[in-house]
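Here is the structure we will look at, set down as structure tokens.
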Amino acid sequence: KAKTKEKIVALTFDDGPYPPYTNQILDILKEYDVPATFFVVGQNAAKHPDLICRIVAEGHQLGNHTYNHIDLLKADRRTIAAEIERTNQLLAEIVGFEPKVARPPHGFRDAVVMDVITKRGMKVVDWSVMSRDWLNPGVNVIVQRTIGNVKNGSIILLHDGDGVAASASRAQTVEATRHIIREL
């Protein structure tokens with residue numbers, strides 16, 4: 001959570017890019033002129049470089065969510081570094097720059113994870129509002145869990161993707177995003 005008295009929140013989306021859901025979320029963000037941060041999985045970015053380009057072209061921030069969406073707490077320093085660097089290099093090849101922010105999968109981190117990321121000049125970005133949208137509990141539940149917990153400076157966690165599995169629907173998140181933006 002950012003400390004602010006302003007009525008401002010950050011929308012963040014994890015695990016993409018993942019068509020058609022990332023495309024649909026980008027359409028909604030464009031319609032309402034709302035910027036967001038997309039914490040992308042390298043594997044997914046490699047499959048959908050066009051969506052990475054669109055995210056940047058439309059003024060959104062790119063974040064690193066590792067290459068393989070692994071639990072970094074179960075990895076050694078070299079593996080953690082490789083997960084971050086491989087994604088950074090891929091994104092630089094696609095859009096010409098490396099992201100400045102990262103989010104470890106599931107938010108799992110320790111001193112080693114933090115050290116590896118910060119030594120690369122990156123900031124770890126958490127969230128303060130979690131709707132558990134990845135469980136597909138229903139559009140209204142996602143909206144209520146989000147709106148009911150938002151305060152000035154909240155960082156909202158939503159999912160445009162499904163890790164590397166890329167099999168679960170994110171249609172509920174897409175529709176919930178529209179309602180969340182309207183309500184806020």
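Chain lettering (A, B, ...) mirrors the order of the structure tokens, residue numbering begins at 1 for each chain separately, and ligand numbering begins at 1 in order of display.
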Which residues of range 13-61 of chain A have any atom within 12 Å of an atom in range 70-73 of chain A when counting only C-alpha atoms, and what is the closest pair of atoms for each, with the distance in Å to one decimal? Order the rows by chain and rising number and write it as a tab-separated table.
residue	atom	partner	partner_atom	distance
A:Asp15	CA	A:Ile70	CA	11.4
A:Val41	CA	A:Ile70	CA	9.9
A:Gly42	CA	A:Ile70	CA	11.3
A:Gln43	CA	A:Ile70	CA	11.5
Review point. Counting only C-alpha atoms, what is within 8 Å of range 144-157 of chain A, bar same-chain residues fewer than 5 positions away, as a PyMOL selection string?
Key: chain A and resi 1-14+126-131+180+183-184
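CA of Glu83 in chain A is found 25.1 Å from CA of Asn23 in chain A.
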Write down as a VMD selection string the residues of range 48-160 of chain A whose backbone DSSP state falls under helix (DSSP H, G or I).
chain A and resid 49 to 57 72 to 74 77 to 95 105 to 107 111 to 118 133 to 135 139 to 147
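Counting only C-alpha atoms and comparing A:Ile55, A:Ile181, A:Val95, A:Leu158, the residue that lies closest to Leu135 in chain A is A:Leu158.
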Q.
With only C-alpha atoms as the counted atoms, please give the residues lying no more than 9 Å from Ile94 in chain A, apart from itself and same-chain residues fewer than 2 positions off, as a ChimeraX atom specification.
A. /A:45-46,49-50,52-53,89-92,96-97
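Compared by their closest atoms to Val143 in chain A, and using only C-alpha atoms, the residues A:Glu175, A:Glu98, A:Asp76, A:Asp160 rank with A:Glu175 nearest.
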Quick one: of A:Arg78, A:His69, A:Arg178, A:Lys47, who's nearest to Ile117 in chain A, counting only C-alpha atoms?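 Comparing A:Arg78, A:His69, A:Arg178, A:Lys47 against Ile117 in chain A, the winner is A:Arg78.
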Selection: 9 Å around Thr177 in chain A, only C-alpha atoms, excl. self and same-chain fewer than 5 positions, as JSON, numbers by chain = {"A": [25, 28, 29, 139, 142, 143, 158, 172, 182]}
Output as a tab-separated table one row per residue of range 122-168 of chain A within 10 Å of range 64-67 of chain A: the closest atom pair and its distance in Å to one decimal place, counting only C-alpha atoms, sorted by chain and residue number ascending.
residue	atom	partner	partner_atom	distance
A:Met122	CA	A:Asn64	CA	9.4
A:Val124	CA	A:Asn64	CA	9.4
A:Gly163	CA	A:His65	CA	9.5
A:Val164	CA	A:Tyr67	CA	9.1
All strand (DSSP E) residues (DSSP, backbone) inside chain A, as a ChimeraX atom specification:
/A:10-14,37-40,61-64,101-102,123-124,129-130,155-159
